[in-house]
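Q: Provided herewith: my_file27.cif, mmCIF, C-alpha atoms.
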```
data_query
loop_
_atom_site.label_atom_id
_atom_site.label_comp_id
_atom_site.auth_asym_id
_atom_site.auth_seq_id
_atom_site.Cartn_x
_atom_site.Cartn_y
_atom_site.Cartn_z
CA MET A 1 -20.23 -50.74 -58.09
CA ILE A 2 -21.84 -47.58 -56.69
CA GLU A 3 -24.88 -49.64 -55.66
CA SER A 4 -22.62 -52.08 -53.78
CA TYR A 5 -20.88 -49.20 -52.02
CA LEU A 6 -24.22 -47.71 -50.93
CA ALA A 7 -25.42 -51.13 -49.73
CA GLU A 8 -22.26 -51.47 -47.65
CA LEU A 9 -22.51 -47.95 -46.22
CA ALA A 10 -26.23 -47.99 -45.32
CA PRO A 11 -26.17 -50.35 -42.31
CA LEU A 12 -23.09 -48.62 -40.88
CA LEU A 13 -24.78 -45.20 -40.68
CA PRO A 14 -25.91 -44.07 -37.23
CA LEU A 15 -29.26 -42.79 -38.57
CA ARG A 16 -32.43 -44.55 -39.68
CA GLY A 17 -35.38 -43.55 -41.85
CA ARG A 18 -35.38 -40.15 -43.52
CA GLY A 19 -31.97 -39.14 -42.17
CA ARG A 20 -30.36 -42.25 -43.66
CA ARG A 21 -32.17 -41.87 -46.98
CA ARG A 22 -30.96 -38.28 -47.25
CA ILE A 23 -27.33 -39.28 -46.67
CA LEU A 24 -27.52 -42.11 -49.18
CA ALA A 25 -29.13 -39.86 -51.79
CA GLU A 26 -26.37 -37.27 -51.35
CA VAL A 27 -23.64 -39.92 -51.48
CA GLU A 28 -25.12 -41.48 -54.62
CA ASP A 29 -25.38 -38.10 -56.35
CA HIS A 30 -21.77 -37.34 -55.42
CA LEU A 31 -20.44 -40.70 -56.60
CA ARG A 32 -22.28 -40.53 -59.93
CA GLU A 33 -21.03 -37.01 -60.63
CA SER A 34 -17.51 -37.92 -59.57
CA ALA A 35 -17.52 -41.13 -61.63
CA SER A 36 -18.74 -39.19 -64.63
CA ALA A 37 -15.93 -36.61 -64.23
CA LEU A 38 -13.22 -39.21 -63.58
CA GLY A 39 -14.54 -41.79 -66.02
CA SER A 40 -14.31 -44.50 -63.36
CA GLU A 41 -16.69 -45.60 -60.61
CA ARG A 42 -13.81 -47.37 -58.86
CA GLU A 43 -11.75 -44.15 -58.67
CA ALA A 44 -14.78 -42.14 -57.51
CA ILE A 45 -15.31 -44.64 -54.68
CA ARG A 46 -11.62 -44.63 -53.78
CA ARG A 47 -11.66 -40.85 -53.49
CA PHE A 48 -14.85 -40.91 -51.44
CA GLY A 49 -13.31 -43.12 -48.74
CA ALA A 50 -14.03 -46.47 -47.10
CA PRO A 51 -17.63 -46.91 -45.90
CA GLU A 52 -16.39 -47.48 -42.34
CA VAL A 53 -14.50 -44.17 -42.33
CA VAL A 54 -17.43 -42.20 -43.77
CA ALA A 55 -19.91 -43.81 -41.37
CA ALA A 56 -17.58 -43.14 -38.44
CA ARG A 57 -17.49 -39.42 -39.30
CA PHE A 58 -21.29 -39.38 -39.33
CA SER A 59 -21.29 -41.14 -35.95
CA GLU A 60 -18.84 -38.54 -34.66
CA ALA A 61 -21.07 -35.68 -35.83
CA GLY A 62 -24.07 -37.51 -34.32
CA ALA A 63 -22.22 -38.07 -31.06
CA VAL A 64 -21.68 -34.32 -30.61
CA GLN A 65 -25.38 -33.71 -31.16
CA ALA A 66 -26.43 -36.64 -28.94
CA THR A 67 -24.19 -35.38 -26.13
CA ARG A 68 -25.97 -32.02 -26.32
CA TRP A 69 -29.35 -33.76 -26.15
CA ALA A 70 -28.09 -35.79 -23.20
CA LEU A 71 -27.15 -32.56 -21.41
CA VAL A 72 -30.63 -31.15 -22.01
CA ALA A 73 -32.21 -34.43 -20.84
CA LEU A 74 -30.03 -34.38 -17.72
CA ALA A 75 -31.17 -30.82 -16.95
CA LEU A 76 -34.83 -31.82 -17.42
CA ALA A 77 -34.43 -34.93 -15.27
CA GLY A 78 -32.70 -32.80 -12.62
CA ALA A 79 -35.60 -30.32 -12.66
CA GLY A 80 -38.03 -33.26 -12.40
CA PHE A 81 -36.10 -34.61 -9.42
CA ALA A 82 -36.16 -31.21 -7.69
CA ALA A 83 -39.90 -30.88 -8.40
CA ALA A 84 -40.51 -34.35 -6.93
CA GLY A 85 -38.64 -33.29 -3.79
CA LEU A 86 -40.81 -30.19 -3.44
CA VAL A 87 -44.03 -32.14 -4.01
CA SER A 88 -42.96 -34.74 -1.45
CA GLU A 89 -42.14 -32.02 1.07
CA ASN A 90 -45.65 -30.61 0.71
CA THR A 91 -47.55 -33.91 0.40
CA LEU A 92 -46.47 -36.11 3.29
CA PRO A 93 -47.47 -35.01 6.80
CA PRO A 94 -44.73 -33.78 9.20
CA ALA A 95 -42.44 -36.54 10.43
CA PRO A 96 -43.63 -38.18 13.67
CA TRP A 97 -40.10 -38.06 15.06
CA ALA A 98 -37.88 -35.24 16.30
CA GLU A 99 -35.43 -33.54 13.95
CA GLY A 100 -32.17 -35.45 13.87
CA GLU A 101 -33.86 -38.68 14.92
CA THR A 102 -34.85 -39.88 11.47
CA PRO A 103 -34.70 -43.71 11.37
CA SER A 104 -31.36 -44.76 9.90
CA GLN A 105 -32.93 -46.83 7.07
CA LEU A 106 -34.43 -43.55 5.79
CA SER A 107 -31.68 -41.07 6.62
CA TRP A 108 -28.92 -42.78 4.61
CA LYS A 109 -31.18 -43.03 1.60
CA LEU A 110 -32.07 -39.35 1.87
CA ASP A 111 -28.38 -38.45 2.11
CA ALA A 112 -27.53 -40.72 -0.83
CA ALA A 113 -30.32 -39.25 -3.00
CA LEU A 114 -29.20 -35.71 -2.19
CA ALA A 115 -25.55 -36.58 -2.88
CA GLY A 116 -26.53 -38.17 -6.21
CA PHE A 117 -28.46 -35.06 -7.18
CA LEU A 118 -25.51 -32.80 -6.30
CA VAL A 119 -23.08 -35.02 -8.26
CA ALA A 120 -25.45 -34.94 -11.25
CA PHE A 121 -25.70 -31.15 -11.02
CA ALA A 122 -21.90 -30.76 -10.86
CA ALA A 123 -21.44 -33.21 -13.74
CA GLY A 124 -24.02 -31.32 -15.81
CA VAL A 125 -22.17 -28.03 -15.26
CA ALA A 126 -18.88 -29.76 -16.15
CA GLY A 127 -20.52 -31.17 -19.30
CA ILE A 128 -21.57 -27.67 -20.38
CA LEU A 129 -18.09 -26.26 -19.74
CA LEU A 130 -16.45 -29.17 -21.60
CA ARG A 131 -18.96 -29.27 -24.48
CA ARG A 132 -16.26 -28.66 -27.10
CA ARG A 133 -14.30 -31.73 -25.94
CA LEU A 134 -16.56 -34.61 -26.86
CA ARG A 135 -15.09 -37.39 -24.73
CA ALA A 136 -14.79 -35.26 -21.59
CA ALA A 137 -18.31 -33.90 -22.05
CA LEU A 138 -19.66 -37.39 -22.63
CA ALA A 139 -17.90 -38.71 -19.50
CA ALA A 140 -19.41 -35.87 -17.46
CA VAL A 141 -22.89 -36.45 -18.89
CA GLY A 142 -22.60 -40.22 -18.33
CA LEU A 143 -21.56 -39.72 -14.72
CA GLY A 144 -24.36 -37.20 -14.19
CA ALA A 145 -26.97 -39.48 -15.76
CA ALA A 146 -25.89 -42.46 -13.64
CA ALA A 147 -25.84 -40.34 -10.46
CA LEU A 148 -29.26 -38.84 -11.17
CA ALA A 149 -30.81 -42.19 -12.07
CA ALA A 150 -29.44 -43.71 -8.84
CA ALA A 151 -30.65 -40.69 -6.85
CA ALA A 152 -34.15 -40.98 -8.35
CA MET A 153 -34.39 -44.68 -7.53
CA VAL A 154 -32.98 -44.37 -3.99
CA GLY A 155 -35.14 -41.29 -3.39
CA ALA A 156 -38.26 -43.15 -4.50
CA VAL A 157 -37.47 -46.13 -2.26
CA GLU A 158 -36.96 -43.75 0.67
CA GLU A 159 -40.23 -42.00 -0.08
CA LEU A 160 -42.18 -45.26 -0.23
CA GLU A 161 -40.54 -46.65 2.91
CA ARG A 162 -41.30 -43.39 4.72
CA ALA A 163 -44.96 -43.59 3.67
CA SER A 164 -45.10 -47.21 4.82
CA LEU A 165 -43.54 -46.28 8.16
CA TYR A 166 -46.08 -43.46 8.59
CA ARG A 167 -48.90 -45.93 7.98
CA ASP A 168 -47.45 -48.35 10.55
CA LEU A 169 -47.23 -45.50 13.07
CA GLY A 170 -50.81 -44.49 12.31
CA VAL A 171 -49.87 -41.06 10.90
CA ALA A 172 -52.73 -39.71 8.80
CA GLY A 173 -52.10 -38.55 5.21
CA ALA A 174 -49.60 -41.21 4.09
CA TYR A 175 -49.56 -42.24 0.40
CA SER A 176 -52.29 -44.44 -1.01
CA PRO A 177 -51.12 -47.41 -3.14
CA GLY A 178 -52.01 -45.38 -6.25
CA GLU A 179 -49.85 -42.46 -5.14
CA ALA A 180 -47.04 -44.84 -4.28
CA ALA A 181 -47.20 -46.26 -7.81
CA LEU A 182 -47.03 -42.71 -9.13
CA VAL A 183 -43.87 -42.06 -7.11
CA ALA A 184 -42.25 -45.23 -8.48
CA THR A 185 -43.29 -44.40 -12.06
CA TRP A 186 -41.93 -40.86 -11.77
CA ALA A 187 -38.59 -42.16 -10.46
CA CYS A 188 -38.29 -44.65 -13.33
CA THR A 189 -39.19 -41.92 -15.85
CA LEU A 190 -36.48 -39.61 -14.49
CA ALA A 191 -33.93 -42.43 -14.57
CA LEU A 192 -34.83 -43.28 -18.18
CA LEU A 193 -34.85 -39.62 -19.22
CA ALA A 194 -31.33 -39.22 -17.86
CA LEU A 195 -29.86 -42.55 -18.98
CA ALA A 196 -31.32 -43.15 -22.45
CA PRO A 197 -29.85 -40.04 -24.21
CA ALA A 198 -26.51 -40.57 -22.44
CA GLY A 199 -26.52 -44.17 -23.70
CA LEU A 200 -27.25 -43.02 -27.25
CA ALA A 201 -24.38 -40.50 -27.11
CA LEU A 202 -22.05 -43.21 -25.82
CA LYS A 203 -23.10 -45.63 -28.57
CA ARG A 204 -22.43 -43.08 -31.31
CA THR A 205 -19.09 -42.13 -29.80
CA LEU A 206 -18.01 -45.78 -29.66
CA ARG A 207 -19.03 -46.28 -33.31
CA ALA A 208 -17.07 -43.17 -34.28
CA ALA A 209 -14.05 -44.36 -32.31
CA ALA A 210 -14.22 -47.76 -34.02
CA GLY A 211 -14.10 -46.09 -37.44
CA ARG A 212 -11.43 -43.58 -36.41
CA ALA A 213 -8.95 -46.40 -36.10
CA ARG A 214 -8.99 -46.56 -39.90
CA PRO A 215 -6.93 -44.02 -41.90
CA GLY A 216 -8.61 -40.91 -43.31
CA MET B 1 2.49 -31.74 -49.76
CA GLU B 2 0.11 -33.32 -47.25
CA ILE B 3 -1.77 -30.87 -45.04
CA PRO B 4 -3.77 -32.06 -41.99
CA VAL B 5 -6.98 -30.41 -43.14
CA ARG B 6 -9.43 -32.20 -40.86
CA ASP B 7 -9.09 -29.82 -37.91
CA HIS B 8 -9.91 -26.87 -40.16
CA LEU B 9 -12.52 -28.48 -42.35
CA ASP B 10 -15.49 -26.61 -40.85
CA ALA B 11 -13.91 -23.22 -41.44
CA LEU B 12 -12.81 -24.17 -44.96
CA LEU B 13 -16.31 -25.29 -45.88
CA LEU B 14 -17.80 -22.08 -44.54
CA ALA B 15 -15.29 -20.13 -46.62
CA VAL B 16 -16.09 -22.09 -49.78
CA LEU B 17 -19.83 -21.61 -49.31
CA ALA B 18 -19.37 -17.89 -48.63
CA TRP B 19 -18.84 -17.59 -52.41
CA GLY B 20 -22.29 -18.95 -53.07
CA PRO B 21 -24.57 -21.95 -52.52
CA ALA B 22 -23.20 -25.30 -53.69
CA HIS B 23 -23.90 -29.00 -53.42
CA GLY B 24 -21.41 -31.30 -51.72
CA TYR B 25 -19.49 -32.35 -54.82
CA ALA B 26 -19.11 -28.76 -56.03
CA ALA B 27 -17.97 -27.61 -52.57
CA ILE B 28 -15.32 -30.35 -52.40
CA ASP B 29 -14.19 -29.61 -55.95
CA GLU B 30 -13.86 -25.93 -55.12
CA LEU B 31 -11.96 -26.73 -51.94
CA ARG B 32 -9.50 -28.86 -53.91
CA ARG B 33 -9.19 -26.33 -56.74
CA ARG B 34 -8.57 -23.35 -54.48
CA SER B 35 -6.01 -25.23 -52.41
CA GLY B 36 -4.12 -26.22 -55.55
CA ASP B 37 -4.92 -29.90 -54.80
CA ALA B 38 -3.18 -29.59 -51.43
CA PHE B 39 -6.28 -30.62 -49.50
CA ASP B 40 -6.73 -34.22 -50.48
CA LEU B 41 -9.06 -35.80 -47.95
CA PRO B 42 -11.55 -38.65 -48.34
CA GLU B 43 -14.43 -36.81 -50.02
CA GLY B 44 -17.00 -38.75 -48.01
CA THR B 45 -15.80 -37.17 -44.79
CA VAL B 46 -16.98 -33.75 -45.99
CA TYR B 47 -20.68 -34.70 -45.80
CA PRO B 48 -20.71 -35.35 -42.03
CA ALA B 49 -19.11 -31.91 -41.62
CA LEU B 50 -21.78 -30.30 -43.82
CA HIS B 51 -24.53 -32.01 -41.79
CA ARG B 52 -22.92 -30.96 -38.51
CA LEU B 53 -22.64 -27.33 -39.67
CA GLU B 54 -26.27 -27.41 -40.76
CA ARG B 55 -27.38 -28.76 -37.38
CA ALA B 56 -25.41 -25.96 -35.72
CA GLY B 57 -27.37 -23.45 -37.81
CA LEU B 58 -24.30 -22.26 -39.74
CA LEU B 59 -25.57 -23.72 -43.02
CA ALA B 60 -29.02 -24.29 -44.51
CA SER B 61 -29.81 -26.76 -47.26
CA ARG B 62 -32.58 -27.78 -49.64
CA TRP B 63 -33.14 -30.26 -52.43
CA THR B 64 -32.93 -28.97 -55.99
CA SER B 65 -33.26 -30.67 -59.36
CA ALA B 66 -30.67 -30.34 -62.11
CA ASP B 67 -30.26 -32.53 -65.21
CA GLY B 68 -32.91 -34.86 -63.84
CA ARG B 69 -30.86 -35.37 -60.67
CA ARG B 70 -31.87 -34.41 -57.14
CA ARG B 71 -29.18 -32.54 -55.27
CA ARG B 72 -28.83 -31.11 -51.78
CA VAL B 73 -27.59 -27.54 -52.06
CA TYR B 74 -26.00 -25.85 -49.05
CA ARG B 75 -25.80 -22.14 -48.33
CA LEU B 76 -24.26 -20.08 -45.59
CA THR B 77 -26.68 -18.62 -43.04
CA ARG B 78 -26.28 -15.31 -41.25
CA LYS B 79 -24.99 -17.18 -38.22
CA GLY B 80 -22.57 -18.99 -40.52
CA ARG B 81 -21.22 -15.69 -41.84
CA GLY B 82 -20.58 -14.56 -38.27
CA ALA B 83 -18.82 -17.84 -37.50
CA LEU B 84 -16.68 -17.50 -40.65
CA ALA B 85 -15.68 -13.95 -39.69
CA ARG B 86 -14.61 -15.23 -36.26
CA GLU B 87 -12.66 -18.12 -37.81
CA ARG B 88 -10.87 -15.69 -40.15
CA ARG B 89 -9.90 -13.40 -37.28
CA GLU B 90 -8.63 -16.32 -35.19
CA TRP B 91 -6.69 -17.78 -38.11
CA ALA B 92 -5.09 -14.42 -38.95
CA GLY B 93 -3.96 -14.03 -35.35
CA PHE B 94 -2.64 -17.60 -35.22
CA ALA B 95 -0.81 -17.30 -38.56
CA GLU B 96 0.74 -13.99 -37.52
CA ALA B 97 2.00 -15.50 -34.26
CA VAL B 98 3.42 -18.59 -35.98
CA GLU B 99 5.15 -16.47 -38.62
CA ALA B 100 6.65 -14.22 -35.95
CA VAL B 101 8.30 -17.24 -34.38
CA LEU B 102 8.97 -19.46 -37.38
CA LEU B 103 10.24 -16.90 -39.83
CA ALA B 104 12.11 -14.68 -37.37
#
```
As structure tokens - that is how I would like this structure written.
A:
Amino acid sequence: MIESYLAELAPLLPLRGRGRRRILAEVEDHLRESASALGSEREAIRRFGAPEVVAARFSEAGAVQATRWALVALALAGAGFAAAGLVSENTLPPAPWAEGETPSQLSWKLDAALAGFLVAFAAGVAGILLRRRLRAALAAVGLGAAALAAAAMVGAVEELERASLYRDLGVAGAYSPGEAALVATWACTLALLALAPAGLALKRTLRAAAGRARPG
Amino acid sequence: MEIPVRDHLDALLLAVLAWGPAHGYAAIDELRRRSGDAFDLPEGTVYPALHRLERAGLLASRWTSADGRRRRVYRLTRKGRGALARERREWAGFAEAVEAVLLA
């Protein structure tokens, strides 16, 4: 009976590998000791709780941790975005047009990328302030991650279009195809760095919420 | 008597482990014994709390062997003792305020 319980619990746990083996070993030790004290495996399992409830609590604990990681990832992605902006500022030659006369297909993208970065920054700060309230913190981190990922992609498109425009206008020092690929790769990396941990935190929170519907 | 223990589980576990290192089953048993069986929660929900407290640095754990069985034994860390002291202060203040209103 204990073996069946462990087999039912294992796939519901939010962890894999060593983390999962550790939990299962602890649960098995607990159930055997409890069954020995109570004289009944069935009663030991009843007292331990339904596998869905136990797994949901682990997901909940994992969601708190994952939300913290997502905050750290958001901060790193934000720093990477800021660094990319600085590098771009010092790499491309001065614009061949007067200030305030930036072609509209570039200016709106620049504004959008900057707005996305500011939203991500504000959401990150909100996530830190709300870190004790899981759902609010997760919502803030999710918004920040989406805003930063969008900003990175729009910023990269703007950067590549600008370089292309420079080439068309015969401005020296525009990006080579290799450098352009680097810009695109960096943008995708930042987007992934921001989105993947936020997605993991969301997944664990949803699993915890699904199990919370059960009593216990 | 049914007491909603879940919101206070972290503090209760820290308090139980302040008496000395224990594995999960022993900690739960102690929690039930000291509460006079008032805290009757699904035992399996205690392990996620232990893992969370360990990740927060309030507990440390290691495998031990006893009677041919491997067990994960938890102990309070220095940071955990500080957290427990804070929890005790907050609880004392809360209980005092509730009593002042409820038993007036």
Q: Define the interface residues of chain A facing chain B as those within 10 Å, counting only C-alpha atoms, and report them as a PyMOL selection string.
A: chain A and resi 22-23+25-31+33-34+44-51+53-62+64-65+215-216
Q: Here's the selection I'm unsure about, the PyMOL selection byres ((chain B and resi 82) around 12); applied to the file above, which residues does it give, as a PyMOL selection string?
A: chain B and resi 11+14-15+18+57-59+76-81+83-89
Q: May I have the selected residues written with C-alpha atoms, as a short mmCIF file (atom, residue, chain, number, x, y, z; two decimals), in the frame of the given file?
A:
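The resulting file, again-v1.cif, is reproduced below:
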```
data_model
loop_
_atom_site.label_atom_id
_atom_site.label_comp_id
_atom_site.auth_asym_id
_atom_site.auth_seq_id
_atom_site.Cartn_x
_atom_site.Cartn_y
_atom_site.Cartn_z
CA ALA B 11 -13.91 -23.22 -41.44
CA LEU B 14 -17.80 -22.08 -44.54
CA ALA B 15 -15.29 -20.13 -46.62
CA ALA B 18 -19.37 -17.89 -48.63
CA GLY B 57 -27.37 -23.45 -37.81
CA LEU B 58 -24.30 -22.26 -39.74
CA LEU B 59 -25.57 -23.72 -43.02
CA LEU B 76 -24.26 -20.08 -45.59
CA THR B 77 -26.68 -18.62 -43.04
CA ARG B 78 -26.28 -15.31 -41.25
CA LYS B 79 -24.99 -17.18 -38.22
CA GLY B 80 -22.57 -18.99 -40.52
CA ARG B 81 -21.22 -15.69 -41.84
CA ALA B 83 -18.82 -17.84 -37.50
CA LEU B 84 -16.68 -17.50 -40.65
CA ALA B 85 -15.68 -13.95 -39.69
CA ARG B 86 -14.61 -15.23 -36.26
CA GLU B 87 -12.66 -18.12 -37.81
CA ARG B 88 -10.87 -15.69 -40.15
CA ARG B 89 -9.90 -13.40 -37.28
#
```
Q: What do you get, as a PyMOL selection string, if you spell out every residue that the PyMOL selection byres ((chain A and resi 95) around 12) selects here?
A: chain A and resi 89-94+96-103+106+162-163+165-167+169-174
Q: Padding 6 Å on every side, please: axis-aligned box over the listed atoms of segment 56-70 of chain B, centre and edge lengths to one decimal in Å, as lines of an AutoDock Vina configuration file.
A:
```
center_x = -28.8
center_y = -28.8
center_z = -50.5
size_x = 21.0
size_y = 25.1
size_z = 41.5
```
Q: Once the PyMOL selection byres ((chain B and resi 31) around 10) has been evaluated on this model, what residues remain selected, and can you format them as a VMD selection string?
A: chain B and resid 9 12 to 13 15 to 17 25 to 30 32 to 40
Q: Provide the atom CA of Arg75 of chain B to atom CA of Leu13 of chain A distance in Å, to one decimal place.
A: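 Interatomic distance here is 24.3 Å.
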Q: Can you tell me which residues surround segment 132-145 of chain A at a distance of at most 12 Å, considering all atoms listed in the file, apart from same-chain residues fewer than 6 positions away, and format the answer as JSON, numbers by chain?
A: {"A": [60, 61, 62, 63, 64, 65, 66, 67, 68, 69, 70, 71, 72, 73, 74, 75, 76, 77, 78, 115, 116, 117, 118, 119, 120, 121, 122, 123, 124, 125, 126, 151, 152, 190, 191, 192, 193, 194, 195, 196, 197, 198, 199, 200, 201, 202, 203, 204, 205, 206, 208, 209]}
Q: Mind pulling up the distance from atom CA of Ser104 of chain A to atom CA of Asp168 of chain A?
A: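 Taking atom CA of Asp168 of chain A as the start and atom CA of Ser104 of chain A as the end point, the length is 16.5 Å.
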Q: Measuring atom to atom with all atoms listed in the file, identify which of A:Ser88, A:Arg21, A:Gly127, A:Cys188 is nearest to Leu160 of chain A.
A: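 Among the listed residues, the smallest separation from Leu160 of chain A belongs to A:Ser88.
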Q: Using Å and a single decimal, report how far atom CA of Trp186 of chain A sits from atom CA of Ala84 of chain A.
A: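 Value for the atom CA of Ala84 of chain A-atom CA of Trp186 of chain A distance: 8.2 Å.
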Q: Quick one: segment 4-19 of chain A with N, CA and C atoms, as an mmCIF file, in the coordinates of the input?
A:
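File result19.cif, as written:
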```cif
data_model
loop_
_atom_site.group_PDB
_atom_site.id
_atom_site.type_symbol
_atom_site.label_atom_id
_atom_site.label_comp_id
_atom_site.auth_asym_id
_atom_site.auth_seq_id
_atom_site.Cartn_x
_atom_site.Cartn_y
_atom_site.Cartn_z
ATOM 1 N N SER A 4 -23.235 -51.225 -54.809
ATOM 2 C CA SER A 4 -22.620 -52.080 -53.780
ATOM 3 C C SER A 4 -22.075 -51.219 -52.645
ATOM 4 N N TYR A 5 -21.441 -50.099 -53.033
ATOM 5 C CA TYR A 5 -20.880 -49.200 -52.020
ATOM 6 C C TYR A 5 -22.001 -48.684 -51.113
ATOM 7 N N LEU A 6 -23.101 -48.250 -51.724
ATOM 8 C CA LEU A 6 -24.220 -47.710 -50.930
ATOM 9 C C LEU A 6 -24.804 -48.789 -50.018
ATOM 10 N N ALA A 7 -24.875 -50.018 -50.530
ATOM 11 C CA ALA A 7 -25.420 -51.130 -49.730
ATOM 12 C C ALA A 7 -24.513 -51.434 -48.545
ATOM 13 N N GLU A 8 -23.210 -51.224 -48.744
ATOM 14 C CA GLU A 8 -22.260 -51.470 -47.650
ATOM 15 C C GLU A 8 -22.317 -50.347 -46.619
ATOM 16 N N LEU A 9 -22.506 -49.118 -47.116
ATOM 17 C CA LEU A 9 -22.510 -47.950 -46.220
ATOM 18 C C LEU A 9 -23.786 -47.892 -45.370
ATOM 19 N N ALA A 10 -24.930 -48.205 -45.981
ATOM 20 C CA ALA A 10 -26.230 -47.990 -45.320
ATOM 21 C C ALA A 10 -26.323 -48.548 -43.899
ATOM 22 N N PRO A 11 -25.995 -49.837 -43.681
ATOM 23 C CA PRO A 11 -26.170 -50.350 -42.310
ATOM 24 C C PRO A 11 -25.171 -49.797 -41.299
ATOM 25 N N LEU A 12 -24.103 -49.156 -41.800
ATOM 26 C CA LEU A 12 -23.090 -48.620 -40.880
ATOM 27 C C LEU A 12 -23.467 -47.230 -40.372
ATOM 28 N N LEU A 13 -24.416 -46.578 -41.053
ATOM 29 C CA LEU A 13 -24.780 -45.200 -40.680
ATOM 30 C C LEU A 13 -25.506 -45.175 -39.344
ATOM 31 N N PRO A 14 -25.285 -44.122 -38.549
ATOM 32 C CA PRO A 14 -25.910 -44.070 -37.230
ATOM 33 C C PRO A 14 -27.376 -43.645 -37.271
ATOM 34 N N LEU A 15 -27.877 -43.270 -38.466
ATOM 35 C CA LEU A 15 -29.260 -42.790 -38.570
ATOM 36 C C LEU A 15 -30.139 -43.818 -39.251
ATOM 37 N N ARG A 16 -31.442 -43.688 -39.013
ATOM 38 C CA ARG A 16 -32.430 -44.550 -39.680
ATOM 39 C C ARG A 16 -33.391 -43.651 -40.445
ATOM 40 N N GLY A 17 -34.272 -44.266 -41.211
ATOM 41 C CA GLY A 17 -35.380 -43.550 -41.850
ATOM 42 C C GLY A 17 -34.936 -42.426 -42.766
ATOM 43 N N ARG A 18 -35.595 -41.265 -42.603
ATOM 44 C CA ARG A 18 -35.380 -40.150 -43.520
ATOM 45 C C ARG A 18 -33.936 -39.650 -43.501
ATOM 46 N N GLY A 19 -33.350 -39.606 -42.297
ATOM 47 C CA GLY A 19 -31.970 -39.140 -42.170
ATOM 48 C C GLY A 19 -31.022 -40.012 -42.986
#
```
